[in-house]
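Notes for the one structure printed next.
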Amino acid sequence: MAGRSVVVGVGHYLPKRVVPNSEFEKTLDTTDEWIRTRSGIERRHFAADDETTSDLAAKAAEAALADAGLTADDIDAIVLATSTADLTFPSAATMVQARLGMNRGFAFDVQAVCAGFVYALSNANALVLSGQARRVLVIGAETFSRIMDWTDRSTCVLFGDGAGALVLEGQEGQGTSDDRGILATDLNSDGRYKDLLYVDGGVSTQSTGHLRMQGNQVFRHAVEKLAKTAEVALERAGLTTDDVDWIVPHQANIRIIQGTARKMGLPMDNVVVTVQDHGNTSAASIPLALSVGKQSGQIKQGDLIVTEAIGGGLAWGAVALRW
């Protein structure tokens, strides 16, 4: 017998305001067609002025708990991935903890930008396997609309706001790749590539800053690194791409998603794609896609999923799990 971290619930939340590509045509030298053909994005959601990252996260968490048939009293820990926390401190995770009425256990944020959810999932898995927590709420939530330069047409049209969450529960497995739950993880980073994707401000530099990206360079790294990390995670689980039912990738750009699937030798029929509706929601994109994939009937219990992401740092990684 072996311990496994099994997904027992999933949920998401999107702000009410939907922003179609056409809205950018009023203020930028761009078109709906230009945005679609280069990114696959058709619309995204923006948080209301009085809506914060922890607000979105709490609503996604409530949906995941409802899906699992659990309450906040059943949760031992919260791991929240975000680059756009409400305040410098305390963590957004502790704010969610308070909102849920969870007065025990512990909560903390993880910051690995678009790879944040993969990092959070890997850390939550380690907490479960080490016995520090039996049930962990893992959340990805972002309000990237707060760090956009609205004059930069190459970046501001790509991002959106949202949150996704899942509940991990420690269960006994057989120790084989047929077990439900997280089978293997792979995390990587290389700080030499900071200038490819970063925000030009922060607490220590005394400004909020805006997102800056060298899109072509990020693309070049993304496809190669995403395919590799996915294959490493599968290999660690004793599996190959032939065993994969679904790739649930970070939803940054349809071309990156297509390129990664092609490099892995898998058809797009095996990929959950939500980028057209949400844009790039950074750490929220994978749990959002998992929740939508389950709701739509694509993802079913027993399916083998590989999820991968890359973001500023550069930071990247993958998780192989059986739903």
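A note on labels: chains of the structure tokens are A, B, ... as shown, every chain counts residues from 1, and ligands are counted from 1 in their shown order.
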Residues near A:Ser39, anyone? I mean within 9 Å using only C-alpha atoms, not counting same-chain ones fewer than 5 positions away, as a PyMOL selection string.
chain A and resi 34+158+252-256+275-276+279
Can you pull out every residue within 6 Å of stretch 133-149 of chain A, counting only C-alpha atoms, but drop anything in the same chain fewer than 6 positions away, and send it as a ChimeraX atom specification?
/A:53,57,75-82,84,117,127,156,161-170,210-211,283-284
The selected residues should be written to file as a compact mmCIF listing (two decimals), in the first residue's frame (atoms: N, CA and C atoms).
```txt
# COMPACT_ATOMS: atom_id res chain seq x y z
N THR A 53 -8.08 39.38 -5.40
CA THR A 53 -7.68 37.99 -5.66
C THR A 53 -8.24 37.04 -4.61
N ALA A 57 -10.56 33.73 -5.08
CA ALA A 57 -10.06 32.47 -4.54
C ALA A 57 -11.06 31.82 -3.59
N ILE A 75 -10.80 20.67 6.25
CA ILE A 75 -9.55 21.02 5.58
C ILE A 75 -8.45 21.31 6.61
N ASP A 76 -7.25 20.79 6.34
CA ASP A 76 -6.11 20.99 7.24
C ASP A 76 -5.19 22.12 6.79
N ALA A 77 -5.17 22.38 5.48
CA ALA A 77 -4.24 23.39 4.96
C ALA A 77 -4.76 23.99 3.67
N ILE A 78 -4.34 25.22 3.40
CA ILE A 78 -4.64 25.89 2.13
C ILE A 78 -3.31 26.32 1.51
N VAL A 79 -3.12 25.93 0.26
CA VAL A 79 -1.95 26.39 -0.51
C VAL A 79 -2.50 27.16 -1.70
N LEU A 80 -2.18 28.46 -1.75
CA LEU A 80 -2.76 29.33 -2.77
C LEU A 80 -1.65 29.88 -3.68
N ALA A 81 -1.76 29.60 -4.96
CA ALA A 81 -0.78 30.10 -5.93
C ALA A 81 -1.28 31.41 -6.52
N THR A 82 -0.47 32.45 -6.39
CA THR A 82 -0.82 33.74 -6.98
C THR A 82 0.40 34.63 -7.09
N THR A 84 -0.55 37.95 -7.65
CA THR A 84 -1.29 39.20 -7.51
C THR A 84 -2.10 39.20 -6.21
N PHE A 117 0.41 27.08 -9.98
CA PHE A 117 -0.49 26.00 -9.55
C PHE A 117 0.22 24.66 -9.53
N LEU A 127 2.86 17.71 1.43
CA LEU A 127 2.26 17.85 2.76
C LEU A 127 1.41 16.63 3.11
N CYS A 156 -1.33 43.36 -23.02
CA CYS A 156 -2.56 43.62 -22.25
C CYS A 156 -3.78 42.86 -22.79
N ASP A 161 -8.63 37.53 -15.47
CA ASP A 161 -8.72 37.26 -14.04
C ASP A 161 -9.60 36.04 -13.79
N GLY A 162 -9.33 35.34 -12.71
CA GLY A 162 -10.16 34.18 -12.37
C GLY A 162 -9.51 33.36 -11.26
N ALA A 163 -10.20 32.29 -10.87
CA ALA A 163 -9.68 31.41 -9.83
C ALA A 163 -10.21 29.99 -10.01
N GLY A 164 -9.37 29.04 -9.66
CA GLY A 164 -9.78 27.63 -9.67
C GLY A 164 -9.23 26.96 -8.42
N ALA A 165 -9.88 25.92 -7.96
CA ALA A 165 -9.44 25.25 -6.74
C ALA A 165 -9.76 23.77 -6.80
N LEU A 166 -8.97 23.00 -6.07
CA LEU A 166 -9.31 21.59 -5.90
C LEU A 166 -8.97 21.15 -4.49
N VAL A 167 -9.60 20.07 -4.07
CA VAL A 167 -9.36 19.50 -2.75
C VAL A 167 -8.59 18.20 -2.93
N LEU A 168 -7.42 18.13 -2.28
CA LEU A 168 -6.63 16.90 -2.27
C LEU A 168 -6.86 16.17 -0.96
N GLU A 169 -7.02 14.86 -1.03
CA GLU A 169 -7.25 14.05 0.17
C GLU A 169 -6.29 12.87 0.17
N GLY A 170 -5.66 12.63 1.30
CA GLY A 170 -4.78 11.47 1.42
C GLY A 170 -5.58 10.19 1.45
N HIS A 210 4.39 47.08 -14.06
CA HIS A 210 3.57 46.46 -15.09
C HIS A 210 4.26 45.21 -15.64
N LEU A 211 3.46 44.32 -16.18
CA LEU A 211 4.00 43.11 -16.78
C LEU A 211 4.76 43.44 -18.06
N ALA A 283 -1.64 31.60 -12.68
CA ALA A 283 -1.74 30.43 -11.79
C ALA A 283 -3.15 29.86 -11.70
N ALA A 284 -4.15 30.62 -12.15
CA ALA A 284 -5.54 30.14 -12.09
C ALA A 284 -5.90 29.25 -13.28
```
Please give the complete set of residues from stretch 139-302 of chain A that DSSP, run on the backbone, assigns to helix (DSSP H, G or I), formatted as a CSV table (one decimal) with C-alpha atoms, in the first residue's frame.
```csv
chain,number,residue,atom,x,y,z
A,144,PHE,CA,-3.6,40.2,-13.7
A,145,SER,CA,-5.8,43.1,-15.0
A,146,ARG,CA,-4.2,45.0,-12.1
A,147,ILE,CA,-0.6,44.8,-13.5
A,191,GLY,CA,16.6,32.5,-12.9
A,192,ARG,CA,18.9,33.5,-15.8
A,193,TYR,CA,15.8,34.2,-17.9
A,194,LYS,CA,14.2,36.8,-15.6
A,195,ASP,CA,14.1,39.5,-18.3
A,196,LEU,CA,11.9,37.4,-20.7
A,203,VAL,CA,7.7,46.3,-2.7
A,204,SER,CA,11.5,46.5,-2.6
A,205,THR,CA,11.6,48.8,-5.6
A,215,GLY,CA,6.8,37.0,-26.3
A,216,ASN,CA,8.9,35.4,-29.0
A,217,GLN,CA,11.6,34.3,-26.6
A,218,VAL,CA,9.0,32.9,-24.1
A,219,PHE,CA,7.4,31.0,-26.9
A,220,ARG,CA,10.7,29.4,-27.9
A,221,HIS,CA,11.4,28.2,-24.3
A,222,ALA,CA,7.8,27.2,-23.6
A,223,VAL,CA,7.1,24.4,-26.1
A,224,GLU,CA,10.4,22.6,-25.5
A,225,LYS,CA,10.4,22.9,-21.7
A,226,LEU,CA,6.7,22.0,-21.4
A,227,ALA,CA,6.9,18.9,-23.5
A,228,LYS,CA,10.1,17.8,-21.6
A,229,THR,CA,8.7,18.4,-18.1
A,230,ALA,CA,5.5,16.5,-19.0
A,231,GLU,CA,7.5,13.6,-20.3
A,232,VAL,CA,9.7,13.6,-17.1
A,233,ALA,CA,6.6,13.5,-14.8
A,234,LEU,CA,5.1,10.6,-16.9
A,235,GLU,CA,8.4,8.7,-16.8
A,236,ARG,CA,8.6,9.1,-13.0
A,241,THR,CA,2.3,9.8,-23.6
A,242,ASP,CA,0.3,6.8,-24.9
A,243,ASP,CA,-1.3,6.4,-21.5
A,254,ILE,CA,-3.2,28.3,-28.4
A,255,ARG,CA,0.0,28.1,-30.4
A,256,ILE,CA,2.0,27.0,-27.4
A,257,ILE,CA,-0.7,24.5,-26.5
A,258,GLN,CA,-0.7,23.1,-30.0
A,259,GLY,CA,3.1,23.1,-30.2
A,260,THR,CA,3.4,21.2,-26.9
A,261,ALA,CA,0.8,18.6,-27.9
A,262,ARG,CA,2.6,18.1,-31.3
A,263,LYS,CA,6.0,17.7,-29.6
A,264,MET,CA,4.4,15.1,-27.2
A,268,MET,CA,-5.6,18.2,-29.9
A,269,ASP,CA,-8.6,16.0,-29.2
A,270,ASN,CA,-6.7,15.0,-26.0
A,275,VAL,CA,-7.9,29.9,-23.5
A,276,GLN,CA,-10.5,31.2,-25.9
A,277,ASP,CA,-12.9,32.0,-23.0
A,278,HIS,CA,-10.5,33.0,-20.2
A,282,SER,CA,-1.6,32.7,-14.9
A,283,ALA,CA,-1.7,30.4,-11.8
A,284,ALA,CA,-5.5,30.1,-12.1
A,285,SER,CA,-5.5,28.7,-15.6
A,286,ILE,CA,-4.9,25.0,-14.8
A,287,PRO,CA,-7.5,24.6,-12.0
A,288,LEU,CA,-9.9,26.6,-14.1
A,289,ALA,CA,-9.4,24.2,-17.0
A,290,LEU,CA,-9.7,21.2,-14.7
A,291,SER,CA,-13.0,22.4,-13.3
A,292,VAL,CA,-14.4,23.3,-16.7
A,293,GLY,CA,-13.2,20.0,-18.1
A,294,LYS,CA,-15.0,18.1,-15.4
A,295,GLN,CA,-18.2,20.2,-15.7
```
What lies within 7 Å of A:Gly101 using only C-alpha atoms, ignoring chain neighbours under 3 positions off, as a VMD selection string?
chain A and resid 72 97 to 98
Please compute the atom CA of A:Ala184-atom CA of A:Asn280 distance, one decimal, in Å.
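That distance, rounded to one decimal, is 25.2 Å.
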In stretch 58-307 of chain A, what's strand (DSSP E or B) per DSSP? Answer as a ChimeraX atom specification?
/A:77-81,106-110,135-143,159,161-173,181-189,197-199,202,207,211-213,246-247,271,280,304-307
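Of the listed residues (A:Leu183, A:Val128, A:Ala61, A:Ala115), A:Ala115 comes nearest to A:Leu314; the distances count only C-alpha atoms.
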Set the distance at 6 Å and use only C-alpha atoms: which residues neighbour A:Asp303 once local chain neighbours fewer than 5 positions away are removed? I'd like the list as a list in words.
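These residues fall inside the cut-off: Asp245, Arg322 and Trp323 of chain A.
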Since we have the selection now, will you write its residues out, keeping C-alpha atoms, as a PDB file, in the first residue's frame?
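result_4.pdb, freshly written:
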```pdb
ATOM      1  CA  ASP A 245      -6.219  10.728 -21.607  1.00  0.00           C
ATOM      2  CA  ARG A 322      -5.167   9.999 -12.220  1.00  0.00           C
ATOM      3  CA  TRP A 323      -8.539  11.696 -11.707  1.00  0.00           C
TER       4      TRP A 323
END
```
Could you state the separation of atom CA of A:Phe159 and atom CA of A:Glu308 in Å, given to one decimal place?
18.1 Å
A:Asp73: which residues within 10 Å, counting only C-alpha atoms, same-chain residues fewer than 3 positions away excluded, as a list of chain:residue names?
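What passes the distance filter is A:Leu70, A:Asp76, A:Leu100, A:Gly101, A:Met102, A:Asn103, A:Arg104, A:Gly105.
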Convert the current residue selection to file output with N, CA and C atoms, as a PDB file, in the first residue's frame.
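The resulting file, result.pdb, is reproduced below:
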```
ATOM      1  N   LEU A  70     -17.611  18.528   1.222  1.00  0.00           N
ATOM      2  CA  LEU A  70     -16.882  18.800   2.458  1.00  0.00           C
ATOM      3  C   LEU A  70     -17.127  20.234   2.920  1.00  0.00           C
ATOM      4  N   ASP A  76      -7.248  20.792   6.344  1.00  0.00           N
ATOM      5  CA  ASP A  76      -6.107  20.994   7.240  1.00  0.00           C
ATOM      6  C   ASP A  76      -5.191  22.118   6.785  1.00  0.00           C
ATOM      7  N   LEU A 100     -13.546  31.434   4.770  1.00  0.00           N
ATOM      8  CA  LEU A 100     -14.196  30.121   4.813  1.00  0.00           C
ATOM      9  C   LEU A 100     -14.597  29.735   6.239  1.00  0.00           C
ATOM     10  N   GLY A 101     -14.159  30.518   7.220  1.00  0.00           N
ATOM     11  CA  GLY A 101     -14.456  30.184   8.615  1.00  0.00           C
ATOM     12  C   GLY A 101     -13.621  29.021   9.113  1.00  0.00           C
ATOM     13  N   MET A 102     -12.415  28.880   8.539  1.00  0.00           N
ATOM     14  CA  MET A 102     -11.507  27.787   8.909  1.00  0.00           C
ATOM     15  C   MET A 102     -10.545  28.323   9.975  1.00  0.00           C
ATOM     16  N   ASN A 103     -10.762  27.937  11.233  1.00  0.00           N
ATOM     17  CA  ASN A 103     -10.003  28.507  12.346  1.00  0.00           C
ATOM     18  C   ASN A 103      -8.921  27.577  12.873  1.00  0.00           C
ATOM     19  N   ARG A 104      -8.520  26.635  12.024  1.00  0.00           N
ATOM     20  CA  ARG A 104      -7.475  25.690  12.425  1.00  0.00           C
ATOM     21  C   ARG A 104      -6.576  25.438  11.216  1.00  0.00           C
ATOM     22  N   GLY A 105      -5.558  24.628  11.423  1.00  0.00           N
ATOM     23  CA  GLY A 105      -4.674  24.311  10.309  1.00  0.00           C
ATOM     24  C   GLY A 105      -3.792  25.483   9.923  1.00  0.00           C
TER      25      GLY A 105
END
```
What is the distance between atom CA of A:Phe46 and atom CA of A:Leu197, in Å to one decimal?
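Distance reported for this atom pair: 21.2 Å.
Using only C-alpha atoms, the smallest distance between any of A:Ile299, A:Met213, A:Leu304, A:Val110 and A:Ser83 comes from A:Val110.
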Could you list, as a CSV table (one decimal) with C-alpha atoms, in the first residue's frame, every residue within 9 Å of A:Ala315, counting only C-alpha atoms and ignoring same-chain residues fewer than 6 positions away?
```csv
chain,number,residue,atom,x,y,z
A,112,ALA,CA,5.8,30.9,-9.3
A,113,VAL,CA,3.7,33.0,-11.7
A,114,CYS,CA,2.0,31.0,-14.4
A,115,ALA,CA,3.7,27.8,-13.1
A,116,GLY,CA,2.3,28.6,-9.6
A,187,LEU,CA,9.5,21.2,-10.9
A,188,ASN,CA,12.2,23.4,-12.6
A,189,SER,CA,13.3,27.0,-12.6
A,190,ASP,CA,16.2,29.0,-14.2
A,191,GLY,CA,16.6,32.5,-12.9
A,309,ALA,CA,2.9,25.2,-17.1
```
